[in-house]
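Structure data follow from final26.csv (CSV, C-alpha atoms and all ligand atoms):
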chain,number,residue,atom,x,y,z
F,1,MET,CA,132.8,117.8,67.4
F,2,LYS,CA,134.8,118.7,70.6
F,3,LYS,CA,138.6,118.8,70.6
F,4,PHE,CA,140.9,118.2,73.5
F,5,GLY,CA,144.7,118.6,73.8
F,6,LEU,CA,146.9,116.0,75.5
F,7,LEU,CA,150.4,116.4,76.8
F,8,VAL,CA,152.9,114.6,78.9
F,9,SER,CA,155.4,116.7,80.9
F,10,GLY,CA,158.2,116.0,83.4
F,11,GLY,CA,160.0,112.7,84.0
F,12,SER,CA,158.9,109.8,81.8
F,13,ALA,CA,157.2,106.8,83.5
F,14,PRO,CA,156.0,103.4,82.4
F,15,GLY,CA,152.3,103.3,81.7
F,16,VAL,CA,152.0,106.6,79.8
F,17,ASN,CA,151.3,104.9,76.5
F,18,ALA,CA,148.5,102.9,78.2
F,19,LEU,CA,147.2,106.3,79.3
F,20,ILE,CA,147.4,107.8,75.8
F,21,ARG,CA,145.6,104.7,74.4
F,22,SER,CA,142.8,105.1,76.9
F,23,VAL,CA,142.4,108.8,76.3
F,24,VAL,CA,142.2,108.4,72.6
F,25,ARG,CA,139.8,105.5,72.7
F,26,ALA,CA,137.5,106.9,75.4
F,27,ALA,CA,137.5,110.2,73.3
F,28,GLU,CA,136.6,108.4,70.1
F,29,ASN,CA,133.7,106.8,72.0
F,30,LYS,CA,132.4,110.3,72.8
F,31,ARG,CA,133.2,111.7,69.4
F,32,VAL,CA,136.0,113.9,70.7
F,33,GLU,CA,139.1,114.6,68.7
F,34,ILE,CA,142.5,114.3,70.5
F,35,VAL,CA,145.5,116.5,69.6
F,36,GLY,CA,148.7,115.3,71.1
F,37,PHE,CA,151.5,117.8,71.8
F,38,GLN,CA,155.1,116.8,71.2
F,39,SER,CA,157.3,116.9,74.3
F,40,GLY,CA,154.9,118.4,76.8
F,41,TYR,CA,154.4,122.1,77.4
F,42,LYS,CA,157.3,122.8,75.0
F,43,GLY,CA,155.3,121.4,72.1
F,44,LEU,CA,152.3,123.4,73.2
F,45,VAL,CA,154.3,126.6,73.1
F,46,GLU,CA,156.0,125.8,69.8
F,47,ASN,CA,152.7,124.5,68.3
F,48,LYS,CA,154.0,121.0,67.6
F,49,TYR,CA,151.2,118.6,67.6
F,50,ARG,CA,149.4,115.9,65.7
F,51,THR,CA,145.9,114.4,65.8
F,52,LEU,CA,145.9,111.0,67.6
F,53,GLU,CA,143.7,108.3,66.2
F,54,ARG,CA,142.8,104.8,67.3
F,55,ALA,CA,145.4,103.4,64.9
F,56,ASP,CA,148.2,105.4,66.6
F,57,THR,CA,147.4,103.6,69.8
F,58,ALA,CA,147.5,100.0,68.5
F,59,ASN,CA,150.0,97.8,70.3
F,60,ILE,CA,151.3,100.5,72.7
F,61,ILE,CA,149.8,99.3,76.0
F,62,SER,CA,152.9,97.3,76.8
F,63,LEU,CA,155.4,99.9,75.7
F,64,GLY,CA,157.5,102.0,78.0
F,65,GLY,CA,158.3,105.6,77.3
F,66,THR,CA,155.7,107.8,75.6
F,67,ILE,CA,154.8,108.0,71.9
F,68,ILE,CA,154.3,111.8,72.1
F,69,HIS,CA,157.5,112.3,74.2
F,70,THR,CA,157.9,114.5,77.3
F,71,SER,CA,160.3,117.2,78.5
F,72,ARG,CA,161.1,119.3,81.5
F,73,TYR,CA,160.4,122.8,80.4
F,74,ASP,CA,161.4,125.5,82.8
F,75,ASP,CA,160.3,128.3,80.4
F,76,PHE,CA,156.7,127.5,81.3
F,77,LYS,CA,157.3,129.3,84.6
F,78,ASN,CA,157.3,132.6,82.6
F,79,SER,CA,153.9,134.2,82.1
F,80,SER,CA,154.8,135.3,78.5
F,81,THR,CA,155.5,131.6,77.6
F,82,ARG,CA,152.1,130.6,79.1
F,83,GLN,CA,150.5,133.4,77.0
F,84,LYS,CA,151.9,131.8,73.8
F,85,ALA,CA,150.5,128.4,75.0
F,86,ALA,CA,147.1,129.9,75.6
F,87,ASP,CA,147.1,131.6,72.2
F,88,ASN,CA,147.9,128.3,70.5
F,89,ILE,CA,145.1,126.5,72.4
F,90,LYS,CA,142.6,129.2,71.4
F,91,LYS,CA,143.8,129.2,67.7
F,92,LEU,CA,143.4,125.4,67.6
F,93,GLY,CA,139.9,125.7,69.1
F,94,LEU,CA,140.6,123.2,71.9
F,95,ASP,CA,137.8,122.8,74.4
F,96,GLY,CA,140.1,121.4,77.1
F,97,LEU,CA,143.6,120.1,77.9
F,98,ILE,CA,144.7,116.9,79.6
F,99,VAL,CA,148.0,117.3,81.3
F,100,CYS,CA,149.9,114.3,82.5
F,101,GLY,CA,152.8,114.5,84.9
F,102,GLY,CA,153.9,115.4,88.5
F,103,GLU,CA,153.4,118.4,90.7
F,104,GLY,CA,155.3,120.9,88.5
F,105,THR,CA,153.1,119.9,85.6
F,106,MET,CA,150.0,120.4,87.7
F,107,GLU,CA,151.2,123.9,88.6
F,108,GLY,CA,151.5,124.8,84.9
F,109,ALA,CA,147.9,123.6,84.3
F,110,TYR,CA,146.6,125.5,87.3
F,111,LEU,CA,148.2,128.7,86.0
F,112,LEU,CA,146.9,128.1,82.4
F,113,SER,CA,143.4,127.8,83.9
F,114,LYS,CA,143.7,130.7,86.3
F,115,GLU,CA,145.3,133.2,83.8
F,116,HIS,CA,143.6,132.2,80.6
F,117,GLY,CA,140.5,130.2,81.5
F,118,ILE,CA,141.7,127.0,79.9
F,119,ASN,CA,139.8,123.9,81.0
F,120,CYS,CA,142.4,121.5,82.3
F,121,ILE,CA,142.3,118.0,83.8
F,122,GLY,CA,145.4,116.6,85.5
F,123,VAL,CA,146.5,112.9,85.4
F,124,PRO,CA,149.2,111.9,87.9
F,125,VAL,CA,152.3,110.4,86.2
F,126,THR,CA,155.5,110.0,88.2
F,127,ILE,CA,157.4,107.1,89.5
F,128,ASP,CA,157.9,109.1,92.7
F,129,ASN,CA,154.2,108.7,93.6
F,130,ASP,CA,154.4,112.1,95.4
F,131,VAL,CA,151.4,113.9,93.9
F,132,TYR,CA,148.8,115.0,96.4
F,133,GLY,CA,145.3,113.8,95.8
F,134,THR,CA,146.0,110.2,94.7
F,135,GLU,CA,147.2,107.0,96.3
F,136,ASN,CA,148.8,105.8,93.1
F,137,SER,CA,150.4,107.7,90.3
F,138,ILE,CA,151.1,106.0,86.9
F,139,GLY,CA,154.6,104.5,86.8
F,140,PHE,CA,155.1,104.0,90.5
F,141,ASP,CA,154.2,100.3,90.6
F,142,SER,CA,156.4,99.5,87.5
F,143,ALA,CA,159.4,101.4,89.0
F,144,VAL,CA,159.0,99.6,92.3
F,145,ASN,CA,158.9,96.2,90.6
F,146,VAL,CA,162.0,97.0,88.6
F,147,ALA,CA,163.8,97.9,91.8
F,148,VAL,CA,162.5,94.9,93.6
F,149,SER,CA,163.7,92.4,90.9
F,150,SER,CA,167.1,94.2,90.8
F,151,ILE,CA,167.6,94.0,94.5
F,152,ASP,CA,166.5,90.4,94.7
F,153,LYS,CA,169.4,89.7,92.3
F,154,ILE,CA,171.9,91.9,94.3
F,155,ARG,CA,170.9,90.0,97.5
F,156,ASP,CA,172.2,86.8,96.0
F,157,THR,CA,175.6,88.4,95.7
F,158,ALA,CA,175.4,90.1,99.1
F,159,ASP,CA,174.5,86.7,100.7
F,160,SER,CA,177.1,84.7,98.9
F,161,HIS,CA,179.9,87.1,99.7
F,162,GLY,CA,178.6,88.4,103.1
F,163,GLN,CA,178.6,92.0,101.9
F,164,VAL,CA,176.8,95.2,102.9
F,165,PHE,CA,175.1,96.9,100.0
F,166,MET,CA,173.8,100.5,99.9
F,167,ILE,CA,171.2,100.5,97.1
F,168,GLU,CA,169.9,103.9,96.0
F,169,VAL,CA,166.4,104.1,94.4
F,170,MET,CA,164.8,107.2,92.9
F,171,GLY,CA,162.5,109.6,94.9
F,172,ARG,CA,163.7,113.2,94.6
F,173,THR,CA,162.2,114.5,97.8
F,174,THR,CA,160.1,111.6,99.1
F,175,GLY,CA,160.6,108.0,100.2
F,176,PHE,CA,157.6,106.3,98.6
F,177,ILE,CA,159.7,104.1,96.3
F,178,ALA,CA,162.3,103.3,99.0
F,179,MET,CA,159.7,102.3,101.6
F,180,GLN,CA,157.7,100.1,99.2
F,181,VAL,CA,160.9,98.5,97.8
F,182,GLY,CA,162.5,98.1,101.3
F,183,ILE,CA,159.5,96.2,102.6
F,184,ALA,CA,159.1,94.1,99.5
F,185,THR,CA,162.8,93.0,99.4
F,186,GLY,CA,163.1,92.5,103.2
F,187,ALA,CA,165.8,95.1,103.4
F,188,GLU,CA,167.6,95.4,106.7
F,189,PHE,CA,167.3,99.2,106.7
F,190,VAL,CA,165.5,101.8,104.7
F,191,ALA,CA,166.7,105.4,104.6
F,192,VAL,CA,164.1,108.0,103.5
F,193,PRO,CA,163.9,111.9,103.6
F,194,GLU,CA,160.9,111.7,105.8
F,195,THR,CA,162.8,110.3,108.8
F,196,MET,CA,166.3,111.2,110.1
F,197,THR,CA,168.8,108.5,109.0
F,198,ASP,CA,171.0,107.4,111.9
F,199,VAL,CA,174.2,105.8,110.8
F,200,ALA,CA,174.7,104.3,114.3
F,201,LEU,CA,171.4,102.5,113.8
F,202,ILE,CA,172.5,101.1,110.4
F,203,TYR,CA,175.7,99.9,112.1
F,204,ARG,CA,173.7,98.2,114.8
F,205,HIS,CA,171.6,96.4,112.2
F,206,ILE,CA,174.8,95.3,110.4
F,207,ALA,CA,176.3,94.0,113.6
F,208,THR,CA,173.1,92.3,114.9
F,209,VAL,CA,170.5,91.5,112.2
F,210,GLY,CA,173.1,91.0,109.5
F,211,LYS,CA,175.4,89.3,112.0
F,212,GLY,CA,178.2,91.4,110.6
F,213,ARG,CA,177.6,89.9,107.2
F,214,ARG,CA,175.2,90.6,104.4
F,215,THR,CA,173.0,93.6,104.8
F,216,ILE,CA,170.8,95.4,102.3
F,217,VAL,CA,170.2,99.1,102.9
F,218,VAL,CA,167.7,100.8,100.6
F,219,VAL,CA,168.4,104.5,100.3
F,220,SER,CA,166.1,107.0,98.7
F,221,GLU,CA,168.1,109.4,96.5
F,222,GLY,CA,166.4,112.3,98.4
F,223,ASP,CA,167.5,111.1,101.9
F,224,GLU,CA,169.1,113.9,103.9
F,225,SER,CA,172.3,111.9,104.3
F,226,GLY,CA,173.0,112.7,100.6
F,227,GLY,CA,172.3,109.2,99.2
F,228,ALA,CA,173.9,105.8,99.0
F,229,VAL,CA,177.5,107.0,98.3
F,230,ALA,CA,177.4,109.5,101.2
F,231,LEU,CA,176.0,106.8,103.6
F,232,SER,CA,178.6,104.3,102.4
F,233,ASN,CA,181.4,106.8,103.1
F,234,LEU,CA,180.0,107.6,106.5
F,235,LEU,CA,179.8,103.9,107.5
F,236,MET,CA,183.4,103.5,106.5
F,237,GLU,CA,184.5,106.7,108.3
F,238,CYS,CA,182.6,106.0,111.6
F,239,TYR,CA,182.7,102.2,111.8
F,240,LYS,CA,185.4,101.0,109.3
F,241,ILE,CA,182.7,98.9,107.5
F,242,GLU,CA,183.0,98.6,103.8
F,243,SER,CA,179.8,98.7,101.7
F,244,LYS,CA,179.1,98.3,98.0
F,245,VAL,CA,177.0,100.9,96.3
F,246,ALA,CA,174.4,100.3,93.6
F,247,ILE,CA,172.5,103.2,92.1
F,248,LEU,CA,169.5,101.9,90.2
F,249,GLY,CA,168.7,105.3,88.7
F,250,HIS,CA,166.9,105.6,85.4
F,251,LEU,CA,166.4,101.8,85.1
F,252,GLN,CA,163.3,102.5,87.2
F,253,ARG,CA,161.8,104.8,84.7
F,254,GLY,CA,161.8,102.4,81.7
F,255,GLY,CA,160.5,99.1,80.5
F,256,SER,CA,157.1,97.6,80.1
F,257,PRO,CA,154.5,98.8,82.6
F,258,THR,CA,153.1,96.3,85.2
F,259,SER,CA,149.5,95.2,84.8
F,260,PHE,CA,148.6,97.4,87.7
F,261,ASP,CA,149.9,100.5,85.9
F,262,ARG,CA,148.3,99.6,82.7
F,263,VAL,CA,144.9,99.3,84.4
F,264,LEU,CA,145.4,102.4,86.5
F,265,ALA,CA,146.4,104.4,83.3
F,266,SER,CA,143.4,103.0,81.4
F,267,ARG,CA,141.0,104.0,84.2
F,268,PHE,CA,142.5,107.5,84.7
F,269,GLY,CA,142.5,108.1,80.9
F,270,GLU,CA,138.8,107.3,80.7
F,271,ALA,CA,138.1,109.5,83.8
F,272,ALA,CA,139.9,112.4,82.2
F,273,ILE,CA,137.7,112.3,79.1
F,274,ASP,CA,134.6,111.7,81.1
F,275,SER,CA,135.4,114.7,83.2
F,276,LEU,CA,136.0,117.2,80.4
F,277,THR,CA,133.0,116.1,78.5
F,278,THR,CA,130.7,116.4,81.5
F,279,GLY,CA,132.1,119.9,82.5
F,280,ARG,CA,134.4,118.9,85.4
F,281,LYS,CA,137.6,120.9,85.1
F,282,ASP,CA,140.7,122.1,86.9
F,283,VAL,CA,141.0,119.0,89.0
F,284,LEU,CA,143.5,116.1,89.3
F,285,VAL,CA,142.1,112.6,88.6
F,286,GLY,CA,143.3,110.3,91.4
F,287,ASP,CA,142.3,107.2,93.3
F,288,ARG,CA,141.6,106.5,97.0
F,289,ALA,CA,140.7,103.2,98.4
F,290,GLY,CA,139.9,101.8,95.0
F,291,SER,CA,137.6,104.7,94.0
F,292,LEU,CA,138.2,107.6,91.7
F,293,GLU,CA,138.8,110.9,93.5
F,294,PHE,CA,139.1,114.5,92.1
F,295,THR,CA,141.3,117.1,93.8
F,296,PRO,CA,141.4,120.8,92.9
F,297,MET,CA,144.5,121.5,90.8
F,298,TYR,CA,145.7,124.1,93.3
F,299,GLU,CA,145.8,121.5,96.1
F,300,ALA,CA,147.3,118.9,93.8
F,301,TYR,CA,150.4,120.9,93.3
F,302,SER,CA,150.7,122.9,96.5
F,303,ARG,CA,150.0,120.3,99.1
F,304,LYS,CA,152.5,117.8,100.2
F,305,LYS,CA,151.6,114.1,100.0
F,306,GLN,CA,152.7,112.4,103.3
F,307,LEU,CA,154.3,109.0,103.5
F,308,PRO,CA,151.7,106.9,105.4
F,309,ASN,CA,152.8,106.2,109.0
F,310,TRP,CA,151.9,102.5,108.7
F,311,LEU,CA,154.5,102.1,105.9
F,312,VAL,CA,157.2,103.6,108.1
F,313,SER,CA,156.3,101.5,111.2
F,314,LEU,CA,155.9,98.3,109.3
F,315,SER,CA,159.3,98.8,107.7
F,316,GLU,CA,160.8,99.4,111.2
F,317,LEU,CA,159.1,96.4,112.7
F,318,LEU,CA,160.3,94.1,109.9
F,319,MET,CA,163.9,95.3,109.5
P,401,LIG,O1,160.4,112.7,89.0
P,401,LIG,C1,160.8,111.5,88.7
P,401,LIG,C2,162.3,111.3,88.9
P,401,LIG,O2,162.7,110.1,88.3
P,401,LIG,C3,162.9,111.5,90.3
P,401,LIG,O3,162.8,110.3,91.0
P,401,LIG,C4,164.3,111.8,90.0
P,401,LIG,O4,164.9,112.6,91.0
P,401,LIG,C5,164.2,112.7,88.7
P,401,LIG,O5,163.0,112.3,88.1
P,401,LIG,C6,165.4,112.6,87.8
P,401,LIG,O6,165.1,113.4,86.7
P,401,LIG,P1,166.0,113.6,85.4
P,401,LIG,O7,165.8,112.3,84.6
P,401,LIG,O8,165.5,114.8,84.8
P,401,LIG,O9,167.4,113.7,85.9
Before we go any further, please render this structure as structure tokens.
Amino acid sequence: MKKFGLLVSGGSAPGVNALIRSVVRAAENKRVEIVGFQSGYKGLVENKYRTLERADTANIISLGGTIIHTSRYDDFKNSSTRQKAADNIKKLGLDGLIVCGGEGTMEGAYLLSKEHGINCIGVPVTIDNDVYGTENSIGFDSAVNVAVSSIDKIRDTADSHGQVFMIEVMGRTTGFIAMQVGIATGAEFVAVPETMTDVALIYRHIATVGKGRRTIVVVSEGDESGGAVALSNLLMECYKIESKVAILGHLQRGGSPTSFDRVLASRFGEAAIDSLTTGRKDVLVGDRAGSLEFTPMYEAYSRKKQLPNWLVSLSELLM
């Protein structure tokens, strides 16, 4: 009987439990045992694991968070730490490792494979949706929907009082969440790191589109302006316009996943098992135009995923 390890690393995202459920069930179907490491690479290094069985995955598809926990573990950048991980994998007799997370997680997997010959498969999990090699990462759709429903509510207040709101959404270095959310909420302006944010343009939108009254500006936390607080201060400094700030923050990382994320996670989980059992390794499982796509792990962590031009121009057209 084959045995694969499974870990979740980096920022948590809705849909991970649906992924774990799919991995465990698809593995059972192929008579493969799954060992789940506690808190990502940290658990792998500290040898904290448990066998995951079908019963462990009952009633978890709708749960946020992750039943095996996750962590950001900087120590994994050290080769001596990775050596310990590789030793544990060999001692446990694992035939492969499924790593779920963002680009940092994929870099760890690439190094484990390159330095120690561990067969790894990556699954993109991050609300930021910034992993190269996939159109969708698990958690993105759920995070966007949390932000959209929050902003719809804020708009009621903005409208009633004729206020300007700067609403900050997550996205450490990219504007995928902000763009999607901006278009879906009909925001009057969207500020993302991929384009230069011009406060004079925001002012013109407030003065014209918002008729000096209510305006929703969606700001990506990674925007070069410094985020919603900085933009709000700048607007006051330059144009004496007051704006309220709402930072949605970690709200976007929790809660029950959307049906889209549950299905995506189920599909990626099955594809990860299918890959390892058929000899495909050191790739990231992703999707493109509705089909599965496999990208070499090196590219998945080293190449930058670009915000599609159509998103930016659509958002500008509709502002
Ligand atoms: O990577 C996902 C993400 O939620 C980013 O959007 C955000 O910048 C970061 O994680 C926050 O991480 P932490 O919870 O560790 O502060």
Environment of ligand LIG 401 (chain P) within 6 Å, counting only C-alpha atoms and all ligand atoms, reported as a count of residues only: 7
Around (143.8, 103.0, 67.5) in the file's own coordinates, what residues are found within 8 Å if you use only C-alpha atoms, given back as a list in words? Arg21, Val24, Arg25, Glu53, Arg54, Ala55, Asp56, Thr57 and Ala58 of chain F
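Taking only C-alpha atoms into account, Arg280 (chain F) lies nearest to F:Met297 out of the set F:Met297, F:Leu251, F:Cys238, F:Ile206.
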Can you tell me which residues surround Leu92 (chain F) at a distance of at most 10 Å, considering all atoms listed in the file, apart from same-chain residues fewer than 4 positions away, and format the answer as a ChimeraX atom specification? /F:3-5,35,47,86-88
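One distance worth recording is that between CA of Ile61 (chain F) and CA of Ser142 (chain F), which is 13.3 Å.
Residue nearest Gly175 (chain F), chosen from F:Met319, F:Met1, F:Ile247, F:Leu307 and counting all atoms listed in the file: F:Leu307.
Here CA of Phe268 (chain F) and CA of Leu112 (chain F) stand 21.2 Å from one another.
As for CA of Gly162 (chain F) and CA of Glu316 (chain F), they are spaced 22.4 Å apart.
The smallest atom-to-atom distance between Ile202 (chain F) and any of F:Ala178, F:Ala184, F:Val219, F:Leu235, using all atoms listed in the file, is found for F:Leu235.
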Complete region 276-287 of chain F at the level of all heavy atoms, written as a CSV table (one decimal), keeping the file's coordinate frame.
chain,number,residue,atom,x,y,z
F,276,LEU,N,136.1,116.0,81.3
F,276,LEU,CA,136.0,117.2,80.4
F,276,LEU,C,134.7,117.2,79.6
F,276,LEU,O,134.2,118.3,79.4
F,276,LEU,CB,137.2,117.2,79.4
F,276,LEU,CG,138.6,117.7,80.0
F,276,LEU,CD1,139.7,117.6,78.9
F,276,LEU,CD2,138.4,119.2,80.5
F,277,THR,N,134.2,116.0,79.3
F,277,THR,CA,133.0,116.1,78.5
F,277,THR,C,131.7,116.3,79.3
F,277,THR,O,130.7,116.7,78.8
F,277,THR,CB,132.8,114.7,77.7
F,277,THR,OG1,132.9,113.6,78.6
F,277,THR,CG2,133.7,114.5,76.6
F,278,THR,N,131.9,116.2,80.6
F,278,THR,CA,130.7,116.4,81.5
F,278,THR,C,130.9,117.8,82.3
F,278,THR,O,130.1,118.0,83.2
F,278,THR,CB,130.5,115.3,82.5
F,278,THR,OG1,131.7,115.1,83.2
F,278,THR,CG2,130.1,114.0,81.8
F,279,GLY,N,131.9,118.5,81.9
F,279,GLY,CA,132.1,119.9,82.5
F,279,GLY,C,132.9,119.9,83.8
F,279,GLY,O,133.1,121.0,84.4
F,280,ARG,N,133.5,118.8,84.2
F,280,ARG,CA,134.4,118.9,85.4
F,280,ARG,C,135.7,119.4,84.9
F,280,ARG,O,136.2,118.9,83.8
F,280,ARG,CB,134.5,117.5,86.0
F,280,ARG,CG,135.3,117.5,87.3
F,280,ARG,CD,135.6,116.1,87.8
F,280,ARG,NE,134.4,115.4,88.3
F,280,ARG,CZ,134.0,114.2,87.9
F,280,ARG,NH1,134.6,113.6,86.9
F,280,ARG,NH2,133.0,113.6,88.4
F,281,LYS,N,136.3,120.3,85.6
F,281,LYS,CA,137.6,120.9,85.1
F,281,LYS,C,138.5,121.3,86.3
F,281,LYS,O,138.0,121.5,87.4
F,281,LYS,CB,137.4,122.0,84.1
F,281,LYS,CG,136.5,123.0,84.7
F,281,LYS,CD,136.1,124.1,83.6
F,281,LYS,CE,135.2,125.1,84.4
F,281,LYS,NZ,134.8,126.2,83.7
F,282,ASP,N,139.7,121.6,85.9
F,282,ASP,CA,140.7,122.1,86.9
F,282,ASP,C,140.8,121.2,88.1
F,282,ASP,O,140.9,121.7,89.3
F,282,ASP,CB,140.4,123.6,87.3
F,282,ASP,CG,140.3,124.4,86.0
F,282,ASP,OD1,141.1,124.1,85.1
F,282,ASP,OD2,139.3,125.2,85.9
F,283,VAL,N,140.8,119.9,87.9
F,283,VAL,CA,141.0,119.0,89.0
F,283,VAL,C,142.0,117.9,88.5
F,283,VAL,O,142.3,117.7,87.3
F,283,VAL,CB,139.7,118.2,89.4
F,283,VAL,CG1,138.7,119.1,90.1
F,283,VAL,CG2,139.1,117.5,88.2
F,284,LEU,N,142.6,117.3,89.5
F,284,LEU,CA,143.5,116.1,89.3
F,284,LEU,C,142.6,114.8,89.4
F,284,LEU,O,141.9,114.7,90.4
F,284,LEU,CB,144.6,116.1,90.3
F,284,LEU,CG,145.5,114.9,90.2
F,284,LEU,CD1,146.8,115.2,89.4
F,284,LEU,CD2,145.9,114.4,91.6
F,285,VAL,N,142.8,113.9,88.5
F,285,VAL,CA,142.1,112.6,88.6
F,285,VAL,C,143.0,111.8,89.5
F,285,VAL,O,144.2,111.6,89.2
F,285,VAL,CB,142.0,111.9,87.2
F,285,VAL,CG1,141.4,110.5,87.4
F,285,VAL,CG2,141.2,112.8,86.3
F,286,GLY,N,142.5,111.2,90.5
F,286,GLY,CA,143.3,110.3,91.4
F,286,GLY,C,142.5,109.1,91.9
F,286,GLY,O,141.3,108.9,91.5
F,287,ASP,N,143.1,108.3,92.7
F,287,ASP,CA,142.3,107.2,93.3
F,287,ASP,C,142.6,107.1,94.8
F,287,ASP,O,143.6,107.6,95.3
F,287,ASP,CB,142.8,105.8,92.7
F,287,ASP,CG,144.2,105.4,93.1
F,287,ASP,OD1,145.0,106.2,93.5
F,287,ASP,OD2,144.4,104.2,93.1
